[in-house]
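So the structure is just underneath, and the comments pick up after that.
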Amino acid sequence: MAYLISETTREERERIVAESLGNIEASCDGCMAGLVEMYQDYIDGKKELRQINMEFNARYVKGDEMPEREGCGYV
């Protein structure tokens, strides 16, 4: 299965993200919306999945400030 932007359509990228994250419509506590937003640049064809994940991990390792969390949702 292809995952690169050059090998997929927007609809396929939406499906890839949706299948990877699980049931994104049942965002009972608000955490899934943030995950979908994180991958929006991939869906839009602006950044590859690898780049988005590397940027996220770099912020985590570096210790950059992230939004405060309460449970699974952001405050």
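Each chain in the structure tokens gets a letter, A, B, ..., in the order shown, and its residues are numbered from 1; ligands are numbered from 1 in order too.
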* Skipping near chain neighbours, those fewer than 6 positions away, what residues fall within 12 Å of A:Tyr39 using only C-alpha atoms, listed as a list of chain:residue names? -> A:Arg13, A:Glu14, A:Arg15, A:Ile16, A:Val17, A:Ala18, A:Ser20, A:Leu21, A:Met32, A:Ala33, A:Gly45, A:Lys46, A:Lys47, A:Glu48, A:Leu49, A:Arg50, A:Gln51, A:Ile52, A:Asn53, A:Glu55, A:Phe56
Take the residues from that selection and write them out as a CSV table (one decimal), in the first residue's frame, keeping C-alpha atoms.
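This is the output file result.csv:
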```csv
chain,number,residue,atom,x,y,z
A,13,ARG,CA,-4.8,10.0,2.6
A,14,GLU,CA,-8.0,10.8,4.5
A,15,ARG,CA,-8.8,7.1,4.7
A,16,ILE,CA,-5.2,6.3,5.8
A,17,VAL,CA,-5.4,8.8,8.6
A,18,ALA,CA,-9.0,7.7,9.6
A,20,SER,CA,-4.8,4.7,11.6
A,21,LEU,CA,-6.6,6.7,14.3
A,32,MET,CA,-9.3,12.8,18.4
A,33,ALA,CA,-9.9,16.2,16.9
A,45,GLY,CA,-0.6,17.0,0.5
A,46,LYS,CA,1.8,19.5,2.2
A,47,LYS,CA,3.9,17.2,4.4
A,48,GLU,CA,4.6,13.5,4.4
A,49,LEU,CA,3.6,11.3,7.4
A,50,ARG,CA,7.2,10.8,8.3
A,51,GLN,CA,7.9,14.6,8.5
A,52,ILE,CA,4.9,15.2,10.7
A,53,ASN,CA,5.8,12.4,13.1
A,55,GLU,CA,8.4,17.1,14.0
A,56,PHE,CA,6.1,15.9,16.8
```
